[in-house]
file model.tsv (TSV, C-alpha atoms and all ligand atoms)
chain	number	residue	atom	x	y	z
A	1	MET	CA	-2.14	-34.76	-18.46
A	2	SER	CA	-4.20	-35.21	-15.33
A	3	VAL	CA	-7.73	-36.48	-15.98
A	4	ALA	CA	-10.81	-36.00	-13.79
A	5	VAL	CA	-14.17	-37.61	-14.51
A	6	VAL	CA	-17.51	-36.10	-13.51
A	7	GLY	CA	-20.35	-38.58	-13.04
A	8	ALA	CA	-19.96	-41.89	-11.21
A	9	GLY	CA	-22.65	-43.73	-13.15
A	10	ALA	CA	-21.91	-46.48	-15.67
A	11	TRP	CA	-20.02	-44.41	-18.23
A	12	GLY	CA	-18.12	-42.10	-15.88
A	13	THR	CA	-16.91	-45.02	-13.78
A	14	ALA	CA	-15.95	-47.02	-16.89
A	15	LEU	CA	-14.00	-44.07	-18.30
A	16	ALA	CA	-12.23	-43.53	-14.98
A	17	ALA	CA	-11.33	-47.24	-14.97
A	18	ALA	CA	-9.97	-47.03	-18.51
A	19	MET	CA	-7.90	-43.96	-17.65
A	20	ALA	CA	-6.60	-45.39	-14.34
A	21	ARG	CA	-5.77	-48.91	-15.49
A	22	ASN	CA	-2.15	-47.91	-16.22
A	23	GLY	CA	-1.75	-46.72	-12.61
A	24	GLN	CA	-2.28	-43.04	-13.40
A	25	ARG	CA	-4.38	-41.46	-10.63
A	26	VAL	CA	-7.81	-40.35	-11.82
A	27	ALA	CA	-10.26	-38.30	-9.77
A	28	LEU	CA	-13.91	-39.31	-10.12
A	29	TRP	CA	-16.70	-37.07	-8.89
A	30	GLY	CA	-20.04	-38.61	-7.98
A	31	ARG	CA	-23.01	-37.11	-6.19
A	32	ASP	CA	-23.89	-40.28	-4.31
A	33	ALA	CA	-21.73	-40.87	-1.20
A	34	GLY	CA	-22.65	-44.57	-1.17
A	35	VAL	CA	-21.41	-45.14	-4.72
A	36	VAL	CA	-18.26	-43.08	-4.08
A	37	GLY	CA	-17.53	-45.03	-0.89
A	38	GLU	CA	-18.01	-48.37	-2.63
A	39	ILE	CA	-15.62	-47.38	-5.44
A	40	ASN	CA	-12.91	-46.31	-2.95
A	41	THR	CA	-13.21	-49.22	-0.56
A	42	ARG	CA	-14.45	-52.23	-2.54
A	43	ARG	CA	-13.25	-51.15	-6.00
A	44	ARG	CA	-16.70	-51.87	-7.39
A	45	ASN	CA	-19.70	-49.86	-8.56
A	46	ARG	CA	-22.21	-52.67	-8.35
A	47	PHE	CA	-25.36	-50.70	-9.09
A	48	TYR	CA	-24.02	-49.44	-12.41
A	49	LEU	CA	-21.32	-51.95	-13.37
A	50	GLY	CA	-22.04	-55.18	-11.55
A	51	ASP	CA	-18.94	-57.15	-10.61
A	52	ALA	CA	-16.40	-55.28	-12.78
A	53	ASP	CA	-13.17	-54.78	-10.80
A	54	LEU	CA	-12.08	-51.15	-10.73
A	55	PRO	CA	-8.44	-49.97	-10.55
A	56	GLU	CA	-6.92	-48.83	-7.26
A	57	ALA	CA	-5.85	-45.58	-8.91
A	58	ILE	CA	-9.41	-44.15	-9.02
A	59	ASP	CA	-9.93	-41.52	-6.31
A	60	ALA	CA	-13.69	-41.08	-6.05
A	61	THR	CA	-15.09	-38.12	-4.18
A	62	THR	CA	-18.34	-36.20	-3.70
A	63	ASP	CA	-16.39	-32.95	-3.44
A	64	ALA	CA	-16.16	-31.10	-6.77
A	65	GLY	CA	-13.22	-28.96	-5.66
A	66	THR	CA	-11.19	-32.02	-4.70
A	67	ALA	CA	-12.09	-33.83	-7.91
A	68	LEU	CA	-11.05	-30.96	-10.17
A	69	ALA	CA	-8.08	-29.64	-8.19
A	70	ASP	CA	-5.33	-31.11	-10.41
A	71	ALA	CA	-7.27	-31.71	-13.62
A	72	ASP	CA	-6.07	-30.74	-17.08
A	73	MET	CA	-8.96	-32.57	-18.72
A	74	VAL	CA	-12.45	-33.04	-17.31
A	75	LEU	CA	-14.56	-35.83	-18.79
A	76	LEU	CA	-18.24	-35.07	-18.19
A	77	ALA	CA	-20.24	-38.30	-18.11
A	78	VAL	CA	-23.67	-37.33	-16.82
A	79	PRO	CA	-27.05	-37.57	-18.58
A	80	ALA	CA	-27.40	-34.92	-21.27
A	81	GLN	CA	-30.42	-33.34	-19.60
A	82	THR	CA	-28.35	-32.70	-16.45
A	83	MET	CA	-25.20	-31.43	-18.18
A	84	ARG	CA	-26.04	-27.74	-17.71
A	85	ALA	CA	-26.84	-28.10	-14.01
A	86	VAL	CA	-23.84	-30.29	-13.24
A	87	LEU	CA	-21.42	-28.06	-15.13
A	88	THR	CA	-22.85	-24.96	-13.46
A	89	MET	CA	-21.98	-26.60	-10.15
A	90	MET	CA	-18.43	-27.30	-11.41
A	91	VAL	CA	-17.74	-23.80	-12.79
A	92	PRO	CA	-16.34	-22.30	-9.53
A	93	HIS	CA	-13.71	-25.08	-9.52
A	94	LEU	CA	-12.63	-24.74	-13.16
A	95	HIS	CA	-9.42	-23.08	-14.36
A	96	PRO	CA	-9.16	-21.77	-17.92
A	97	HIS	CA	-6.51	-24.32	-18.97
A	98	MET	CA	-8.88	-27.25	-18.32
A	99	LEU	CA	-10.32	-28.96	-21.40
A	100	LEU	CA	-13.95	-30.01	-20.89
A	101	VAL	CA	-14.95	-33.18	-22.73
A	102	SER	CA	-18.61	-34.10	-23.05
A	103	CYS	CA	-19.07	-37.86	-22.94
A	104	ALA	CA	-22.87	-37.58	-22.97
A	105	LYS	CA	-25.07	-38.46	-25.94
A	106	GLY	CA	-28.10	-36.27	-26.21
A	107	ILE	CA	-29.62	-32.97	-27.26
A	108	GLU	CA	-30.83	-30.61	-24.54
A	109	ARG	CA	-34.61	-30.61	-24.35
A	110	GLY	CA	-36.21	-27.27	-25.01
A	111	SER	CA	-33.13	-25.35	-26.15
A	112	GLY	CA	-32.15	-28.00	-28.72
A	113	ALA	CA	-28.54	-27.32	-27.76
A	114	LEU	CA	-25.75	-29.82	-28.31
A	115	MET	CA	-23.62	-30.60	-25.26
A	116	THR	CA	-20.68	-28.58	-26.60
A	117	GLU	CA	-23.06	-25.61	-26.93
A	118	VAL	CA	-24.24	-26.12	-23.34
A	119	MET	CA	-20.60	-26.28	-22.24
A	120	GLY	CA	-19.65	-23.20	-24.26
A	121	ARG	CA	-22.45	-21.17	-22.70
A	122	THR	CA	-21.98	-22.46	-19.15
A	123	ALA	CA	-18.17	-22.43	-19.03
A	124	PRO	CA	-17.13	-19.98	-21.79
A	125	ALA	CA	-13.54	-19.65	-20.52
A	126	ASN	CA	-12.82	-23.33	-21.17
A	127	ALA	CA	-12.18	-25.10	-24.46
A	128	ASN	CA	-14.50	-28.05	-24.99
A	129	ALA	CA	-14.71	-31.30	-26.92
A	130	VAL	CA	-17.02	-34.26	-27.42
A	131	LEU	CA	-16.14	-37.94	-27.11
A	132	SER	CA	-18.50	-40.46	-28.69
A	133	GLY	CA	-18.51	-43.85	-30.38
A	134	PRO	CA	-19.37	-47.52	-29.88
A	135	SER	CA	-18.52	-48.13	-26.24
A	136	PHE	CA	-20.69	-49.99	-23.77
A	137	ALA	CA	-19.62	-48.96	-20.28
A	138	ALA	CA	-19.59	-52.59	-19.14
A	139	ASP	CA	-17.09	-53.46	-21.92
A	140	VAL	CA	-14.83	-50.47	-21.29
A	141	ALA	CA	-14.89	-51.02	-17.52
A	142	ARG	CA	-13.56	-54.55	-18.09
A	143	GLY	CA	-10.80	-53.35	-20.36
A	144	LEU	CA	-12.32	-54.76	-23.55
A	145	PRO	CA	-11.06	-52.84	-26.57
A	146	THR	CA	-12.96	-50.28	-28.62
A	147	ALA	CA	-12.43	-47.11	-30.64
A	148	VAL	CA	-14.21	-43.78	-30.26
A	149	THR	CA	-13.97	-40.29	-31.76
A	150	LEU	CA	-13.01	-37.07	-29.99
A	151	ALA	CA	-14.00	-33.88	-31.79
A	152	MET	CA	-12.99	-30.26	-31.32
A	153	SER	CA	-13.36	-27.42	-33.77
A	154	ASP	CA	-9.54	-27.19	-33.60
A	155	GLU	CA	-8.66	-30.59	-35.05
A	156	ALA	CA	-4.97	-30.31	-34.12
A	157	ARG	CA	-6.01	-29.85	-30.52
A	158	ALA	CA	-8.39	-32.80	-30.83
A	159	LEU	CA	-5.47	-34.93	-31.95
A	160	ALA	CA	-3.41	-33.90	-28.92
A	161	ALA	CA	-6.36	-34.72	-26.64
A	162	CYS	CA	-6.74	-38.13	-28.32
A	163	ARG	CA	-3.08	-38.90	-27.67
A	164	ALA	CA	-3.45	-37.90	-24.03
A	165	LEU	CA	-6.56	-40.04	-23.47
A	166	ALA	CA	-5.66	-43.10	-25.57
A	167	ARG	CA	-4.99	-46.29	-23.63
A	168	PRO	CA	-4.10	-49.79	-24.90
A	169	GLY	CA	-7.78	-50.83	-24.96
A	170	LEU	CA	-9.23	-47.45	-25.83
A	171	ARG	CA	-8.34	-46.08	-29.24
A	172	LEU	CA	-9.27	-42.51	-30.07
A	173	TYR	CA	-9.67	-40.89	-33.48
A	174	ALA	CA	-9.60	-37.11	-33.84
A	175	SER	CA	-12.21	-35.07	-35.70
A	176	GLY	CA	-12.87	-31.41	-36.34
A	177	ASP	CA	-16.57	-32.06	-37.00
A	178	VAL	CA	-18.06	-31.41	-33.58
A	179	ALA	CA	-21.67	-31.26	-34.79
A	180	GLY	CA	-21.30	-34.52	-36.74
A	181	VAL	CA	-19.92	-36.41	-33.76
A	182	GLU	CA	-22.55	-34.97	-31.41
A	183	TYR	CA	-25.55	-35.60	-33.67
A	184	GLY	CA	-24.32	-39.13	-34.39
A	185	GLY	CA	-24.16	-39.99	-30.70
A	186	ALA	CA	-27.46	-38.32	-29.83
A	187	LEU	CA	-29.56	-39.56	-32.76
A	188	LYS	CA	-28.39	-43.18	-32.63
A	189	ASN	CA	-30.07	-43.40	-29.22
A	190	VAL	CA	-33.44	-42.46	-30.74
A	191	LEU	CA	-32.93	-44.97	-33.55
A	192	ALA	CA	-31.91	-47.69	-31.09
A	193	ILE	CA	-35.29	-47.25	-29.42
A	194	ALA	CA	-36.93	-47.75	-32.83
A	195	ALA	CA	-34.84	-50.88	-33.48
A	196	GLY	CA	-35.77	-52.17	-30.05
A	197	ILE	CA	-39.46	-51.63	-30.80
A	198	VAL	CA	-39.09	-53.68	-33.99
A	199	ALA	CA	-37.38	-56.47	-32.03
A	200	GLY	CA	-39.90	-56.34	-29.19
A	201	ARG	CA	-42.80	-56.51	-31.64
A	202	GLY	CA	-41.22	-59.59	-33.24
A	203	LEU	CA	-41.03	-58.06	-36.70
A	204	GLY	CA	-37.94	-60.08	-37.61
A	205	ALA	CA	-34.27	-59.58	-38.39
A	206	SER	CA	-34.96	-58.27	-41.90
A	207	ALA	CA	-37.16	-55.48	-40.57
A	208	GLN	CA	-34.53	-54.63	-37.98
A	209	ALA	CA	-31.81	-54.31	-40.64
A	210	ALA	CA	-34.11	-52.25	-42.89
A	211	LEU	CA	-35.06	-49.96	-40.00
A	212	THR	CA	-31.44	-49.49	-38.96
A	213	THR	CA	-30.38	-48.65	-42.52
A	214	ARG	CA	-33.21	-46.17	-43.04
A	215	GLY	CA	-32.42	-44.78	-39.60
A	216	PHE	CA	-28.86	-44.20	-40.72
A	217	ALA	CA	-30.11	-42.35	-43.83
A	218	GLU	CA	-32.35	-40.25	-41.60
A	219	MET	CA	-29.65	-39.45	-39.05
A	220	SER	CA	-27.21	-38.49	-41.81
A	221	ARG	CA	-29.77	-36.31	-43.63
A	222	LEU	CA	-30.69	-34.42	-40.48
A	223	ALA	CA	-27.13	-34.01	-39.20
A	224	VAL	CA	-25.83	-32.82	-42.58
A	225	ALA	CA	-28.67	-30.27	-42.78
A	226	LEU	CA	-27.50	-29.04	-39.38
A	227	GLY	CA	-23.91	-28.55	-40.55
A	228	ALA	CA	-22.31	-31.98	-40.04
A	229	GLN	CA	-20.16	-33.78	-42.62
A	230	SER	CA	-21.64	-36.99	-44.01
A	231	GLU	CA	-18.29	-38.82	-43.56
A	232	THR	CA	-18.54	-38.24	-39.83
A	233	LEU	CA	-21.95	-39.91	-39.71
A	234	ALA	CA	-20.43	-42.90	-41.48
A	235	GLY	CA	-17.79	-43.04	-38.73
A	236	LEU	CA	-17.57	-44.37	-35.19
A	237	SER	CA	-19.95	-41.89	-33.59
A	238	GLY	CA	-22.63	-42.41	-36.24
A	239	LEU	CA	-22.77	-45.73	-38.03
A	240	GLY	CA	-20.41	-47.41	-35.53
A	241	ASP	CA	-22.57	-46.65	-32.53
A	242	LEU	CA	-25.76	-47.26	-34.51
A	243	ILE	CA	-24.62	-50.80	-35.37
A	244	LEU	CA	-23.75	-51.43	-31.74
A	245	THR	CA	-26.92	-50.15	-30.16
A	246	CYS	CA	-29.49	-51.15	-32.80
A	247	GLY	CA	-28.55	-54.80	-32.45
A	248	SER	CA	-27.74	-55.45	-28.82
A	249	ASP	CA	-29.82	-56.05	-25.70
A	250	GLN	CA	-26.89	-54.52	-23.83
A	251	SER	CA	-28.06	-51.12	-25.10
A	252	ARG	CA	-30.45	-49.43	-22.68
A	253	ASN	CA	-32.08	-47.55	-25.54
A	254	PHE	CA	-32.62	-50.78	-27.46
A	255	ALA	CA	-33.92	-52.48	-24.30
A	256	HIS	CA	-36.26	-49.54	-23.73
A	257	GLY	CA	-37.63	-49.87	-27.24
A	258	LYS	CA	-37.95	-53.62	-26.85
A	259	ALA	CA	-40.07	-53.14	-23.73
A	260	ILE	CA	-42.29	-50.69	-25.62
A	261	GLY	CA	-42.60	-53.14	-28.50
A	262	ARG	CA	-43.69	-55.86	-26.09
A	263	GLY	CA	-46.19	-53.55	-24.46
A	264	GLU	CA	-44.30	-53.62	-21.14
A	265	ASP	CA	-44.00	-50.87	-18.54
A	266	THR	CA	-40.80	-48.84	-19.08
A	267	SER	CA	-40.90	-46.83	-15.87
A	268	GLY	CA	-38.30	-48.85	-13.91
A	269	LEU	CA	-35.77	-49.13	-16.72
A	270	LYS	CA	-32.27	-47.61	-16.74
A	271	LEU	CA	-31.39	-44.33	-18.44
A	272	ALA	CA	-32.35	-44.28	-22.14
A	273	GLU	CA	-31.13	-40.94	-23.49
A	274	GLY	CA	-33.14	-41.32	-26.71
A	275	VAL	CA	-36.38	-40.81	-24.79
A	276	ALA	CA	-35.45	-37.24	-23.92
A	277	THR	CA	-33.78	-36.49	-27.25
A	278	ALA	CA	-36.49	-37.86	-29.57
A	279	GLY	CA	-39.00	-35.02	-29.26
A	280	THR	CA	-36.39	-32.30	-29.59
A	281	ALA	CA	-34.75	-34.02	-32.59
A	282	ALA	CA	-38.15	-34.40	-34.27
A	283	ARG	CA	-38.90	-30.72	-33.68
A	284	ILE	CA	-35.51	-29.63	-35.06
A	285	ALA	CA	-36.07	-31.82	-38.14
A	286	GLY	CA	-39.51	-30.24	-38.65
A	287	ASP	CA	-38.09	-26.72	-38.22
A	288	HIS	CA	-35.53	-27.45	-40.96
A	289	GLY	CA	-37.98	-29.16	-43.29
A	290	ILE	CA	-36.10	-32.45	-43.02
A	291	GLU	CA	-38.06	-35.68	-43.29
A	292	ALA	CA	-37.32	-37.80	-40.25
A	293	PRO	CA	-40.21	-40.27	-40.04
A	294	ILE	CA	-38.54	-42.80	-37.73
A	295	ILE	CA	-37.38	-40.16	-35.26
A	296	ALA	CA	-40.85	-38.55	-35.38
A	297	ALA	CA	-42.49	-41.91	-34.74
A	298	VAL	CA	-40.25	-42.62	-31.74
A	299	ALA	CA	-40.97	-39.13	-30.38
A	300	ALA	CA	-44.71	-39.66	-30.66
A	301	ILE	CA	-44.55	-43.18	-29.19
A	302	VAL	CA	-42.54	-42.14	-26.12
A	303	ASP	CA	-44.86	-39.14	-25.70
A	304	GLY	CA	-47.83	-41.50	-25.73
A	305	THR	CA	-49.49	-39.80	-28.71
A	306	LEU	CA	-48.99	-42.69	-31.16
A	307	ASP	CA	-49.31	-46.41	-30.61
A	308	VAL	CA	-46.75	-48.83	-31.95
A	309	ASP	CA	-48.98	-50.56	-34.49
A	310	ALA	CA	-50.14	-47.25	-35.97
A	311	ALA	CA	-46.50	-46.12	-36.20
A	312	ILE	CA	-45.51	-49.30	-38.02
A	313	THR	CA	-48.42	-48.98	-40.46
A	314	THR	CA	-47.57	-45.33	-41.13
A	315	LEU	CA	-43.88	-46.07	-41.75
A	316	LEU	CA	-44.66	-48.97	-44.08
A	317	SER	CA	-47.21	-47.02	-46.12
A	318	ARG	CA	-45.06	-44.00	-46.88
A	319	PRO	CA	-44.92	-43.08	-50.59
A	320	ILE	CA	-42.48	-45.09	-52.70
A	321	LYS	CA	-39.44	-42.95	-53.59
A	322	PRO	CA	-35.81	-43.27	-54.71
A	323	GLU	CA	-33.64	-44.78	-51.98
A	324	THR	CA	-31.04	-42.02	-52.08
A	325	GLU	CA	-33.50	-39.09	-52.21
A	326	LYS	CA	-32.23	-36.27	-50.00
A	327	GLY	CA	-35.49	-34.77	-48.72
B	1	LIG	N1	-23.43	-46.41	-20.29
B	1	LIG	C1	-22.83	-46.45	-21.46
B	1	LIG	O1	-22.51	-47.53	-21.98
B	1	LIG	C2	-22.50	-45.17	-22.16
B	1	LIG	C3	-23.12	-43.98	-21.83
B	1	LIG	N2	-22.83	-42.84	-22.51
B	1	LIG	C4	-23.48	-41.59	-22.20
B	1	LIG	O2	-23.02	-41.12	-20.95
B	1	LIG	C5	-24.04	-40.33	-20.33
B	1	LIG	C6	-24.22	-40.82	-18.91
B	1	LIG	O3	-24.71	-42.15	-19.02
B	1	LIG	P1	-24.45	-43.27	-17.95
B	1	LIG	O4	-23.25	-43.02	-17.13
B	1	LIG	O5	-24.52	-44.55	-18.67
B	1	LIG	O6	-25.75	-43.09	-17.06
B	1	LIG	P2	-26.04	-43.70	-15.63
B	1	LIG	O7	-27.49	-43.63	-15.42
B	1	LIG	O8	-25.34	-44.99	-15.49
B	1	LIG	O9	-25.31	-42.68	-14.66
B	1	LIG	C7	-25.63	-41.32	-14.63
B	1	LIG	C8	-24.85	-40.66	-13.50
B	1	LIG	O10	-25.19	-39.27	-13.48
B	1	LIG	C9	-25.61	-38.94	-12.17
B	1	LIG	N3	-26.63	-37.92	-12.24
B	1	LIG	C10	-27.87	-38.04	-12.73
B	1	LIG	N4	-28.53	-36.85	-12.59
B	1	LIG	C11	-27.65	-36.02	-12.01
B	1	LIG	C12	-27.73	-34.68	-11.59
B	1	LIG	N5	-28.82	-33.93	-11.76
B	1	LIG	N6	-26.66	-34.13	-11.00
B	1	LIG	C13	-25.54	-34.85	-10.83
B	1	LIG	N7	-25.40	-36.12	-11.20
B	1	LIG	C14	-26.45	-36.69	-11.79
B	1	LIG	C15	-26.16	-40.24	-11.57
B	1	LIG	O11	-26.10	-40.18	-10.15
B	1	LIG	C16	-25.19	-41.24	-12.14
B	1	LIG	O12	-24.00	-41.25	-11.37
B	1	LIG	C17	-25.28	-40.47	-21.21
B	1	LIG	O13	-25.42	-39.35	-22.00
B	1	LIG	C18	-24.99	-41.71	-22.05
B	1	LIG	O14	-25.63	-41.66	-23.31
B	1	LIG	C19	-21.91	-42.83	-23.50
B	1	LIG	C20	-21.25	-43.98	-23.86
B	1	LIG	C21	-21.49	-45.24	-23.21
B	2	LIG	O1	-23.88	-45.28	-26.14
B	2	LIG	C1	-23.73	-46.42	-25.79
B	2	LIG	C2	-22.74	-47.31	-26.39
B	2	LIG	O2	-21.91	-46.67	-27.30
B	2	LIG	C3	-24.59	-46.98	-24.74
B	2	LIG	O3	-25.83	-47.19	-25.28
B	2	LIG	P1	-27.11	-47.20	-24.34
B	2	LIG	O4	-27.15	-45.86	-23.67
B	2	LIG	O5	-28.25	-47.44	-25.26
B	2	LIG	O6	-26.90	-48.30	-23.35
call {"tool": "encode", "arguments": {"input": "model.tsv", "output": "structure tokens"}}
result
Amino acid sequence: MSVAVVGAGAWGTALAAAMARNGQRVALWGRDAGVVGEINTRRRNRFYLGDADLPEAIDATTDAGTALADADMVLLAVPAQTMRAVLTMMVPHLHPHMLLVSCAKGIERGSGALMTEVMGRTAPANANAVLSGPSFAADVARGLPTAVTLAMSDEARALAACRALARPGLRLYASGDVAGVEYGGALKNVLAIAAGIVAGRGLGASAQAALTTRGFAEMSRLAVALGAQSETLAGLSGLGDLILTCGSDQSRNFAHGKAIGRGEDTSGLKLAEGVATAGTAARIAGDHGIEAPIIAAVAAIVDGTLDVDAAITTLLSRPIKPETEKG
């Protein structure tokens, strides 16, 4: 199985490194000639991954045709809001046998589409999958171990894809619950912003644990209403990634929330996918009559229509109700 990676940012480069560490050649497409040149010559991607050493077997290129020429699997690791545009650019170079794997975590603004839906509409001749789970790019790039989930509606095919992509430090579990894996990955980013706000405001470790737990209830409730299985949300792409990102400064979404909580300017910060997903997730929850107060609060805060203290007061003064209530 020949693997190509699209997106030479933190995650795409880390995935290419994981795939190429055994000496297997991996093509990596990036739009920035400087980044591509640095990967090929210095075996580094300093802007995104600092001093992590990258394997010799990565062949980075800015040419989509070259990157995809021999690919059986294409891992798409670009921001969710650019997935449609990037894939549209790739379509002339795709062949029907290629499996497209979204490695992005987000919901498309406006359309509310999941990445697999964007892929299905943009490249309908190709089968697609989603890969998601607790996996900081910096860890994966260094070969530190983790486990993630790969979902396809055809679970037997997902299992075959997992076997093809698994590496000693990267364990993959197969799932047939595409929506569950996608919503887990996308919604945890919004909740990590909320957890970061709690940390930045200095509300304490107890508040952070309470927020994360209620966030998990909220993410599960919404995803299940949208067709996901609750077991999936309790898995790597839901709870697993929520635990990782709601408690670590390494998370850009958490760091973004922390800056908001401290009243700092967020404009120069790295990509935080939850910013773009929050509003759409809140709207989808509203459309389905699902209570999602934390997601709604994050959406309003990042939109600038609610200040942090008012959000905290509102969340803490919600009516008392049974913990396991569904609504
Ligand atoms: N960084 C991480 O630890 C992980 C990230 N992800 C997900 O992977 C996705 C990508 O994230 P990162 O690689 O971390 O982001 P990043 O900001 O490090 O890199 C994004 C890459 O996409 C490229 N890009 C941005 N806009 C583009 C456009 N319009 N056309 C073509 N290329 C474009 C950038 O040049 C850059 O190479 C996100 O959805 C993120 O949630 C998933 C797991 C881990
Ligand atoms: O998704 C991630 C780890 O699994 C990365 O999280 P951040 O995008 O918040 O850095």
call {"tool": "closest_atom_pairs", "arguments": {"input": "model.tsv", "of": "chain A", "to": "ligand LIG 1 (chain B)", "cutoff": "6 Å", "atoms": "all atoms listed in the file", "output": "JSON lines"}}
result
{"residue": "A:Gly7", "atom": "CA", "partner": "B:LIG1", "partner_atom": "O12", "distance": 4.8}
{"residue": "A:Ala8", "atom": "CA", "partner": "B:LIG1", "partner_atom": "O12", "distance": 4.1}
{"residue": "A:Gly9", "atom": "CA", "partner": "B:LIG1", "partner_atom": "O9", "distance": 3.2}
{"residue": "A:Ala10", "atom": "CA", "partner": "B:LIG1", "partner_atom": "O8", "distance": 3.7}
{"residue": "A:Trp11", "atom": "CA", "partner": "B:LIG1", "partner_atom": "O4", "distance": 3.7}
{"residue": "A:Gly12", "atom": "CA", "partner": "B:LIG1", "partner_atom": "O4", "distance": 5.4}
{"residue": "A:Gly30", "atom": "CA", "partner": "B:LIG1", "partner_atom": "O12", "distance": 5.8}
{"residue": "A:Arg31", "atom": "CA", "partner": "B:LIG1", "partner_atom": "N7", "distance": 5.6}
{"residue": "A:Tyr48", "atom": "CA", "partner": "B:LIG1", "partner_atom": "O8", "distance": 5.6}
{"residue": "A:Ala77", "atom": "CA", "partner": "B:LIG1", "partner_atom": "C6", "distance": 4.8}
{"residue": "A:Val78", "atom": "CA", "partner": "B:LIG1", "partner_atom": "C6", "distance": 4.1}
{"residue": "A:Pro79", "atom": "CA", "partner": "B:LIG1", "partner_atom": "O13", "distance": 4.2}
{"residue": "A:Ala80", "atom": "CA", "partner": "B:LIG1", "partner_atom": "O13", "distance": 4.9}
{"residue": "A:Thr82", "atom": "CA", "partner": "B:LIG1", "partner_atom": "N5", "distance": 4.9}
{"residue": "A:Val86", "atom": "CA", "partner": "B:LIG1", "partner_atom": "N6", "distance": 5.3}
{"residue": "A:Cys103", "atom": "CA", "partner": "B:LIG1", "partner_atom": "O2", "distance": 5.5}
{"residue": "A:Ala104", "atom": "CA", "partner": "B:LIG1", "partner_atom": "O13", "distance": 3.3}
{"residue": "A:Lys105", "atom": "CA", "partner": "B:LIG1", "partner_atom": "O13", "distance": 4.1}
{"residue": "A:Gly106", "atom": "CA", "partner": "B:LIG1", "partner_atom": "O13", "distance": 5.9}
{"residue": "A:Ser135", "atom": "CA", "partner": "B:LIG1", "partner_atom": "C21", "distance": 5.1}
{"residue": "A:Phe136", "atom": "CA", "partner": "B:LIG1", "partner_atom": "O1", "distance": 3.5}
{"residue": "A:Ala137", "atom": "CA", "partner": "B:LIG1", "partner_atom": "O1", "distance": 3.6}
{"residue": "A:Leu271", "atom": "CA", "partner": "B:LIG1", "partner_atom": "O7", "distance": 5.0}
{"residue": "A:Glu273", "atom": "CA", "partner": "B:LIG1", "partner_atom": "O14", "distance": 5.5}
call {"tool": "write_last_selection", "arguments": {"input": "model.tsv", "atoms": "C-alpha atoms", "output": "PDB file, in the coordinates of the input"}}
result
ATOM      1  CA  GLY A   7     -20.350 -38.580 -13.040  1.00  0.00           C
ATOM      2  CA  ALA A   8     -19.960 -41.890 -11.210  1.00  0.00           C
ATOM      3  CA  GLY A   9     -22.650 -43.730 -13.150  1.00  0.00           C
ATOM      4  CA  ALA A  10     -21.910 -46.480 -15.670  1.00  0.00           C
ATOM      5  CA  TRP A  11     -20.020 -44.410 -18.230  1.00  0.00           C
ATOM      6  CA  GLY A  12     -18.120 -42.100 -15.880  1.00  0.00           C
ATOM      7  CA  GLY A  30     -20.040 -38.610  -7.980  1.00  0.00           C
ATOM      8  CA  ARG A  31     -23.010 -37.110  -6.190  1.00  0.00           C
ATOM      9  CA  TYR A  48     -24.020 -49.440 -12.410  1.00  0.00           C
ATOM     10  CA  ALA A  77     -20.240 -38.300 -18.110  1.00  0.00           C
ATOM     11  CA  VAL A  78     -23.670 -37.330 -16.820  1.00  0.00           C
ATOM     12  CA  PRO A  79     -27.050 -37.570 -18.580  1.00  0.00           C
ATOM     13  CA  ALA A  80     -27.400 -34.920 -21.270  1.00  0.00           C
ATOM     14  CA  THR A  82     -28.350 -32.700 -16.450  1.00  0.00           C
ATOM     15  CA  VAL A  86     -23.840 -30.290 -13.240  1.00  0.00           C
ATOM     16  CA  CYS A 103     -19.070 -37.860 -22.940  1.00  0.00           C
ATOM     17  CA  ALA A 104     -22.870 -37.580 -22.970  1.00  0.00           C
ATOM     18  CA  LYS A 105     -25.070 -38.460 -25.940  1.00  0.00           C
ATOM     19  CA  GLY A 106     -28.100 -36.270 -26.210  1.00  0.00           C
ATOM     20  CA  SER A 135     -18.520 -48.130 -26.240  1.00  0.00           C
ATOM     21  CA  PHE A 136     -20.690 -49.990 -23.770  1.00  0.00           C
ATOM     22  CA  ALA A 137     -19.620 -48.960 -20.280  1.00  0.00           C
ATOM     23  CA  LEU A 271     -31.390 -44.330 -18.440  1.00  0.00           C
ATOM     24  CA  GLU A 273     -31.130 -40.940 -23.490  1.00  0.00           C
TER      25      GLU A 273
END
call {"tool": "residues_around", "arguments": {"input": "model.tsv", "residues": "A:Lys326", "least_positions_apart": "4", "cutoff": "10 Å", "atoms": "only C-alpha atoms", "output": "list of chain:residue names"}}
result
A:Ala217, A:Glu218, A:Ser220, A:Arg221, A:Leu222, A:Ile290, A:Glu291, A:Pro322
call {"tool": "residues_near_ligand", "arguments": {"input": "model.tsv", "ligand": "ligand LIG 2 (chain B)", "cutoff": "9 Å", "atoms": "all atoms listed in the file", "output": "ChimeraX atom specification"}}
result
/A:11,104-105,132-137,148,185-186,188-189,192-193,237,240-242,244-246,248-256,270-274
call {"tool": "atom_distance", "arguments": {"input": "model.tsv", "atom1": "atom CA of A:Ala27", "atom2": "atom CA of A:Arg121"}}
result
24.7 Å
call {"tool": "closest_atom_pairs", "arguments": {"input": "model.tsv", "of": "stretch 218-287 of chain A", "to": "stretch 306-312 of chain A", "cutoff": "12 Å", "atoms": "all atoms listed in the file", "output": "JSON lines"}}
result
{"residue": "A:Gly257", "atom": "CA", "partner": "A:Val308", "partner_atom": "CA", "distance": 10.3}
{"residue": "A:Lys258", "atom": "CA", "partner": "A:Val308", "partner_atom": "CA", "distance": 11.2}
{"residue": "A:Ala259", "atom": "CA", "partner": "A:Val308", "partner_atom": "CA", "distance": 11.4}
{"residue": "A:Ile260", "atom": "CA", "partner": "A:Val308", "partner_atom": "CA", "distance": 8.0}
{"residue": "A:Gly261", "atom": "CA", "partner": "A:Val308", "partner_atom": "CA", "distance": 6.9}
{"residue": "A:Arg262", "atom": "CA", "partner": "A:Val308", "partner_atom": "CA", "distance": 9.7}
{"residue": "A:Gly263", "atom": "CA", "partner": "A:Val308", "partner_atom": "CA", "distance": 8.9}
